[in-house]
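Visitor: Please see the structure below; I have some questions.
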Amino acid sequence: MIKSLAQLLIREELLQPSDGVVVGVSGGADSMALLHLLLAINETDDWNLKIHVAHLNHQLRGTEADEDAALVAATCDRLSLPCTIDQRDIAKLAKEDSIGVEEIGRRERYTFFERVCLQTGSKVVAVGHHADDNAETILHRILRGTGLRGLAGIPFGRPLAPQSSIRLIRPLLNQTREALLEYLANEGITFREDRTNASNEPMRNRIRNTILPLVEAEVNPQVRDALIRLSSQARWLEEFLSETVGRTFDTLIIARTDQTLTLNADAMSRKSRIVQTELIRLAFTSFGMGEQDLAFSNLVAALDLVADPTSGRQTQFPGGMTVEKRYHQLIFSLPTSEPREAIAAEIAVHLPGTTLLPVRCLEIACSIDDVTSDDIPRLRRGVSPLEEYVDFGAVHAPLVVRSRRPGERFFPLGAPGTKKLSDFLADEKVSPQERERVAVLCDQLGPIWVIGHRIDDRVKLTGLTRRVLHLRAKPLERQPQR
């Protein structure tokens, strides 16, 4: 199992030797097996993974949840592993946000994982989903009604969140739960059972405890293997479509701003219907919209527009988006009360030095200074919203200034997790008109300073900071009209 897992990590490009990885460990069988298998891999072929354990107590099972956290802490202590343990009142949050407990739990868990990654410098989160989880997910989607994309099941890896540079990986998807339990028994590894798994709520539990065993007993004893084979073939098709559509999409773009996207409808109409569908999906998600919000009926309505020679017809997409057929063009438009400016080109920032930002009537000065730990408290206090100090060691040069991008996220200093830039600016009471003119200073990993508002948590000063990047933005004097 250890050898095959190491091969899978390389084949699927999930991890490389010496990578930093945050391992989500609940204390249950799956995550405990994942942790110990990664440790075993570390003992072979000089993998040298830098493992950091993360555990979030959802406070849903009283003392049992506390005991889960205690087991994780004790395991990390025995193995001399760094560990971050935190808790959230998931039931309270679900009530406040009117969201299901399962969904809010997943949201808070992934936000927590992202924060731990940013704090530890890791770019990967590993979780313990296995082959049985994948089979249950595929059957669940079939019963609810799914397309080809849903049949692909759980991917081995994906971005932790839209626009995030951190990846979520699932190295155990080729392993059955039975094989993992056998491994734990052979190695004498302790784990805890979550008694809520024996319940038939939610639907996923009914599929696991009742429906799949019934199908195995009365229809097909190998139903889990059959579902996994279906998943593999759907994933291969999805990969082929993704490559094809990705190459085609850019050739169809006629015009683009952060408010609208115009595609060549005539050229689209000559593609196969499945390729057209994926092009429409890609156009929608390119605005940072959630793919899960897009229904099959939306896709069919847009396909009908592409095929219809009539100009001026339109259909509504989720999020207030309008899709309109205008002569030979298919135009995707976001709702707005004011016209937005086109996305500004990136402006390279001199490091060190001063850079003019004439469109925004600003200049930004950058200097690099050596500091001691005694200097940090004074520098953290700052002087004004237009001046910041960040940890130069956490900055990945070169730097650029640009506008925010649709759906872009960052981790505002002092916040509990990442936020969409648009949501952050709304919370800061920045008017819709001014949001489009906000300048964002970015390194190669993304935003480090929303100028005049907040820096990103990953570049904050710490007790270990020894070189600071001093950032100063200054309004340019407007020249008098002649």
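Naming works like this for the structure tokens: A, B, ... for the chains as they're shown, residue 1 at the start of each chain, ligands 1 onward in shown order.
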I'd like the contact shell of segment 349-353 of chain A - 10 Å cut-off, only C-alpha atoms, skipping same-chain residues fewer than 2 positions apart - returned as a list of chain:residue names.

Guide: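 In the requested form, the answer reads A:Glu346, A:Ile347, A:Thr355, A:Leu356, A:Leu357, A:Ile364, A:Ala365, A:Cys366, A:Ser367, A:Ile368, A:Ala397, A:Pro398, A:Leu399, A:Val400, A:Val401, A:Leu441, A:Cys442, A:Asp443, A:Leu469, A:His470, A:Leu471.
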
Visitor: Write the residues of the selection above to a file with N, CA and C atoms, as a PDB file, in the first residue's frame.

Guide:
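What landed in again_8.pdb:
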ATOM      1  N   GLU A 346      -1.628  45.188 -16.071  1.00  0.00           N
ATOM      2  CA  GLU A 346      -0.738  45.147 -14.912  1.00  0.00           C
ATOM      3  C   GLU A 346       0.386  46.158 -15.087  1.00  0.00           C
ATOM      4  N   ILE A 347       0.759  46.807 -14.010  1.00  0.00           N
ATOM      5  CA  ILE A 347       1.877  47.740 -14.019  1.00  0.00           C
ATOM      6  C   ILE A 347       2.971  47.161 -13.129  1.00  0.00           C
ATOM      7  N   THR A 355       7.053  53.861  -8.317  1.00  0.00           N
ATOM      8  CA  THR A 355       6.299  53.536  -9.522  1.00  0.00           C
ATOM      9  C   THR A 355       5.087  54.451  -9.619  1.00  0.00           C
ATOM     10  N   LEU A 356       4.886  55.063 -10.781  1.00  0.00           N
ATOM     11  CA  LEU A 356       3.729  55.921 -11.004  1.00  0.00           C
ATOM     12  C   LEU A 356       2.535  55.084 -11.446  1.00  0.00           C
ATOM     13  N   LEU A 357       1.367  55.413 -10.896  1.00  0.00           N
ATOM     14  CA  LEU A 357       0.101  54.791 -11.282  1.00  0.00           C
ATOM     15  C   LEU A 357      -0.816  55.905 -11.766  1.00  0.00           C
ATOM     16  N   ILE A 364       3.607  54.692  -5.910  1.00  0.00           N
ATOM     17  CA  ILE A 364       3.883  53.762  -4.822  1.00  0.00           C
ATOM     18  C   ILE A 364       5.387  53.598  -4.700  1.00  0.00           C
ATOM     19  N   ALA A 365       5.886  53.784  -3.472  1.00  0.00           N
ATOM     20  CA  ALA A 365       7.319  53.675  -3.200  1.00  0.00           C
ATOM     21  C   ALA A 365       7.579  52.414  -2.385  1.00  0.00           C
ATOM     22  N   CYS A 366       8.625  51.677  -2.752  1.00  0.00           N
ATOM     23  CA  CYS A 366       8.994  50.436  -2.064  1.00  0.00           C
ATOM     24  C   CYS A 366      10.444  50.526  -1.604  1.00  0.00           C
ATOM     25  N   SER A 367      10.682  50.197  -0.365  1.00  0.00           N
ATOM     26  CA  SER A 367      12.049  50.116   0.143  1.00  0.00           C
ATOM     27  C   SER A 367      12.169  48.889   1.035  1.00  0.00           C
ATOM     28  N   ILE A 368      13.379  48.366   1.134  1.00  0.00           N
ATOM     29  CA  ILE A 368      13.636  47.139   1.893  1.00  0.00           C
ATOM     30  C   ILE A 368      14.604  47.473   3.018  1.00  0.00           C
ATOM     31  N   ALA A 397       8.572  38.026  -5.315  1.00  0.00           N
ATOM     32  CA  ALA A 397       8.721  39.013  -6.388  1.00  0.00           C
ATOM     33  C   ALA A 397       8.732  38.306  -7.751  1.00  0.00           C
ATOM     34  N   PRO A 398       8.434  39.042  -8.861  1.00  0.00           N
ATOM     35  CA  PRO A 398       8.218  40.494  -8.963  1.00  0.00           C
ATOM     36  C   PRO A 398       6.819  40.912  -8.524  1.00  0.00           C
ATOM     37  N   LEU A 399       6.666  42.231  -8.336  1.00  0.00           N
ATOM     38  CA  LEU A 399       5.393  42.803  -7.910  1.00  0.00           C
ATOM     39  C   LEU A 399       4.724  43.538  -9.066  1.00  0.00           C
ATOM     40  N   VAL A 400       3.392  43.531  -9.050  1.00  0.00           N
ATOM     41  CA  VAL A 400       2.613  44.302 -10.014  1.00  0.00           C
ATOM     42  C   VAL A 400       1.452  44.965  -9.289  1.00  0.00           C
ATOM     43  N   VAL A 401       0.938  46.035  -9.882  1.00  0.00           N
ATOM     44  CA  VAL A 401      -0.310  46.659  -9.422  1.00  0.00           C
ATOM     45  C   VAL A 401      -1.344  46.464 -10.524  1.00  0.00           C
ATOM     46  N   LEU A 441      -1.936  45.520  -4.998  1.00  0.00           N
ATOM     47  CA  LEU A 441      -0.528  45.172  -5.153  1.00  0.00           C
ATOM     48  C   LEU A 441      -0.389  43.662  -4.996  1.00  0.00           C
ATOM     49  N   CYS A 442       0.213  43.025  -5.992  1.00  0.00           N
ATOM     50  CA  CYS A 442       0.287  41.556  -6.007  1.00  0.00           C
ATOM     51  C   CYS A 442       1.724  41.083  -6.200  1.00  0.00           C
ATOM     52  N   ASP A 443       2.038  39.945  -5.565  1.00  0.00           N
ATOM     53  CA  ASP A 443       3.252  39.222  -5.933  1.00  0.00           C
ATOM     54  C   ASP A 443       2.838  38.031  -6.788  1.00  0.00           C
ATOM     55  N   LEU A 469       9.499  44.944   3.898  1.00  0.00           N
ATOM     56  CA  LEU A 469       9.224  45.728   2.689  1.00  0.00           C
ATOM     57  C   LEU A 469       8.326  46.880   3.116  1.00  0.00           C
ATOM     58  N   HIS A 470       8.849  48.092   3.000  1.00  0.00           N
ATOM     59  CA  HIS A 470       8.112  49.298   3.399  1.00  0.00           C
ATOM     60  C   HIS A 470       7.371  49.827   2.174  1.00  0.00           C
ATOM     61  N   LEU A 471       6.054  49.883   2.255  1.00  0.00           N
ATOM     62  CA  LEU A 471       5.203  50.284   1.142  1.00  0.00           C
ATOM     63  C   LEU A 471       4.533  51.611   1.467  1.00  0.00           C
TER      64      LEU A 471
END

Visitor: Can you list, as an NGL selection string, all residues belonging to segment 243-395 of chain A that DSSP tags as strand (DSSP E or B)?

Guide: :A and (253-256 or 260-264 or 314-316 or 322-326 or 329-333 or 347-349 or 353-357 or 362-370 or 387-391)

Visitor: Return the single residue from A:Phe287, A:Tyr183, A:Trp236, A:Phe317 that is closest to Leu34 of chain A, with distances computed using only C-alpha atoms.

Guide: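 With only C-alpha atoms as the atom set, the closest residue is A:Tyr183.
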
Visitor: When you draw a straight line from atom CA of Asn220 of chain A to atom CA of Leu181 of chain A, how long is it in Å?

Guide: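 About the pair atom CA of Asn220 of chain A and atom CA of Leu181 of chain A: they are 23.4 Å apart.
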
Visitor: List the spatial neighbours of His52 of chain A as number ranges by chain - criterion: any atom at most 12 Å away, only C-alpha atoms, same-chain residues fewer than 4 positions off excluded.

Guide: A: 19-25, 35, 38-39, 72-73, 76-77, 79-85, 113, 116-126

Visitor: For a quick check of understanding, using only C-alpha atoms, which of A:Ala226, A:Ala439, A:Met289, A:Ala426 has the smallest distance to Pro406 of chain A?

Guide: A:Met289

Visitor: Could you pull the residues within 9 Å of Ala415 of chain A, counting only C-alpha atoms, minus those fewer than 4 positions along the same chain, as a ChimeraX atom specification?

Guide: /A:411,419,457

Visitor: Can you tell me which residues surround Leu8 of chain A at a distance of at most 9 Å, considering only C-alpha atoms, apart from same-chain residues fewer than 6 positions away, and format the answer as a PyMOL selection string?

Guide: chain A and resi 14+171+174

Visitor: Compare A:Ala267, A:Leu261, A:Val300, A:Ala283 by their minimum atom-to-atom distance to Gly246 of chain A, counting only C-alpha atoms, and give me the closest one.

Guide: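 Among A:Ala267, A:Leu261, A:Val300, A:Ala283, it is A:Ala283 that comes nearest to Gly246 of chain A.
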
Visitor: Which residue is closest to Leu172 of chain A? Choose from A:Leu148, A:Val390, A:Ala6, A:Ile99 and count only C-alpha atoms.

Guide: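 For Leu172 of chain A, the nearest of the candidates is A:Ala6.
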
Visitor: Quote the spacing between atom CA of Thr310 of chain A and atom CA of Leu263 of chain A in Å to one decimal place.

Guide: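 About the pair atom CA of Thr310 of chain A and atom CA of Leu263 of chain A: they are 16.1 Å apart.
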
Visitor: In Å, rounded to a single decimal, give me how far atom CA of Leu139 of chain A is from atom CA of Arg208 of chain A.

Guide: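 One can read the atom CA of Arg208 of chain A to atom CA of Leu139 of chain A distance as 9.9 Å.
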
Visitor: Excluding Glu136 of chain A and residues on its chain fewer than 3 positions from it, collect all residues at most 8 Å away from it, counting only C-alpha atoms, and give them as a ChimeraX atom specification.

Guide: /A:132-133,139-140,204,207-208,212

Visitor: May I have the selected residues written with C-alpha atoms, as a PDB file, in the first residue's frame?

Guide:
ATOM      1  CA  ASP A 132     -15.910   3.839  -0.910  1.00  0.00           C
ATOM      2  CA  ASP A 133     -16.540   7.561  -0.417  1.00  0.00           C
ATOM      3  CA  LEU A 139     -24.447   6.985  -6.638  1.00  0.00           C
ATOM      4  CA  HIS A 140     -25.729   9.978  -4.673  1.00  0.00           C
ATOM      5  CA  ARG A 204     -25.094  10.010   2.286  1.00  0.00           C
ATOM      6  CA  ILE A 207     -26.565   5.302   0.773  1.00  0.00           C
ATOM      7  CA  ARG A 208     -23.619   3.937   2.775  1.00  0.00           C
ATOM      8  CA  LEU A 212     -25.335   0.161  -1.382  1.00  0.00           C
TER       9      LEU A 212
END

Visitor: Smallest atom-to-atom distance to Leu305 of chain A: which of A:Leu143, A:Leu230, A:Val323, A:Val430, using only C-alpha atoms?

Guide: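 Once distances to Leu305 of chain A are computed over only C-alpha atoms, the minimum belongs to A:Val323.
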
Visitor: Measuring between only C-alpha atoms, which one of A:Leu425, A:Ala307, A:Val223, A:Met203 shows the shortest distance to Ser272 of chain A?

Guide: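 Closest to Ser272 of chain A of all the choices is A:Ala307.
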
Visitor: Within 10 Å of Lys92 of chain A, counting only C-alpha atoms, which residues show up once you throw out same-chain ones fewer than 5 positions away? Write them as number ranges by chain, please.

Guide: A: 59-60, 97-98, 101, 104

Visitor: When DSSP works through the backbone of this structure, what residues of segment 109-253 of chain A end up as alpha helix (DSSP H), shown as a CSV table (one decimal) with C-alpha atoms, in the first residue's frame?

Guide:
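Final file, states-v3.csv:
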chain,number,residue,atom,x,y,z
A,109,ARG,CA,-13.2,23.2,7.9
A,110,TYR,CA,-11.8,24.3,4.5
A,111,THR,CA,-11.4,27.9,5.7
A,112,PHE,CA,-9.5,26.6,8.7
A,113,PHE,CA,-7.3,24.4,6.5
A,114,GLU,CA,-6.5,27.4,4.3
A,115,ARG,CA,-5.5,29.5,7.3
A,116,VAL,CA,-3.2,26.7,8.6
A,117,CYS,CA,-1.6,26.5,5.2
A,118,LEU,CA,-0.9,30.2,5.0
A,119,GLN,CA,0.5,30.1,8.5
A,120,THR,CA,2.8,27.2,7.8
A,131,ALA,CA,-12.7,4.6,-2.9
A,132,ASP,CA,-15.9,3.8,-0.9
A,133,ASP,CA,-16.5,7.6,-0.4
A,134,ASN,CA,-16.2,8.0,-4.2
A,135,ALA,CA,-18.6,5.2,-5.0
A,136,GLU,CA,-21.2,6.7,-2.5
A,137,THR,CA,-20.7,10.2,-4.0
A,138,ILE,CA,-21.3,8.9,-7.6
A,139,LEU,CA,-24.4,7.0,-6.6
A,140,HIS,CA,-25.7,10.0,-4.7
A,141,ARG,CA,-25.3,12.2,-7.7
A,142,ILE,CA,-27.0,9.7,-10.0
A,143,LEU,CA,-30.0,9.5,-7.7
A,144,ARG,CA,-30.2,13.3,-7.6
A,148,LEU,CA,-21.1,13.7,-17.1
A,149,ARG,CA,-19.1,16.0,-14.9
A,150,GLY,CA,-20.9,14.7,-11.8
A,151,LEU,CA,-20.2,11.1,-12.9
A,177,ARG,CA,-12.2,1.4,3.5
A,178,GLU,CA,-11.7,-2.4,4.2
A,179,ALA,CA,-8.0,-2.1,3.1
A,180,LEU,CA,-7.5,0.9,5.3
A,181,LEU,CA,-9.0,-0.8,8.3
A,182,GLU,CA,-6.8,-3.8,7.7
A,183,TYR,CA,-3.7,-1.5,7.5
A,184,LEU,CA,-4.7,0.2,10.8
A,185,ALA,CA,-5.2,-3.2,12.5
A,186,ASN,CA,-1.8,-4.6,11.3
A,187,GLU,CA,0.0,-1.5,12.5
A,203,MET,CA,-28.8,10.9,2.7
A,204,ARG,CA,-25.1,10.0,2.3
A,205,ASN,CA,-25.4,7.8,5.4
A,206,ARG,CA,-28.5,6.1,4.0
A,212,LEU,CA,-25.3,0.2,-1.4
A,213,PRO,CA,-25.5,-3.0,0.8
A,214,LEU,CA,-28.9,-3.8,-0.6
A,215,VAL,CA,-27.7,-3.4,-4.2
A,216,GLU,CA,-24.6,-5.5,-3.4
A,217,ALA,CA,-26.8,-8.3,-1.9
A,218,GLU,CA,-29.6,-8.4,-4.5
A,223,VAL,CA,-21.4,-2.4,-7.6
A,224,ARG,CA,-18.7,-0.2,-5.9
A,225,ASP,CA,-16.1,-1.3,-8.5
A,226,ALA,CA,-18.6,-0.7,-11.3
A,227,LEU,CA,-19.2,2.9,-10.0
A,228,ILE,CA,-15.5,3.6,-9.7
A,229,ARG,CA,-15.0,2.3,-13.3
A,230,LEU,CA,-17.7,4.6,-14.5
A,231,SER,CA,-16.1,7.5,-12.6
A,232,SER,CA,-12.7,6.8,-14.2
A,233,GLN,CA,-14.2,6.9,-17.8
A,234,ALA,CA,-16.2,10.0,-17.0
A,235,ARG,CA,-13.0,11.7,-15.7
A,236,TRP,CA,-11.0,10.8,-18.8
A,237,LEU,CA,-13.7,12.3,-20.9
A,238,GLU,CA,-13.8,15.4,-18.7
A,239,GLU,CA,-10.0,15.8,-19.1
A,240,PHE,CA,-10.3,15.5,-22.9
A,241,LEU,CA,-13.1,18.1,-23.0
A,242,SER,CA,-11.2,20.4,-20.6
A,243,GLU,CA,-8.1,20.4,-22.9
A,244,THR,CA,-10.2,20.9,-26.0
A,245,VAL,CA,-12.3,23.7,-24.6
A,246,GLY,CA,-9.4,25.4,-23.0
A,247,ARG,CA,-7.7,25.7,-26.4
A,248,THR,CA,-10.8,26.9,-28.1
A,249,PHE,CA,-12.1,29.4,-25.6
A,250,ASP,CA,-9.5,32.1,-26.1
A,251,THR,CA,-9.9,31.9,-29.9
A,252,LEU,CA,-13.6,32.8,-29.5
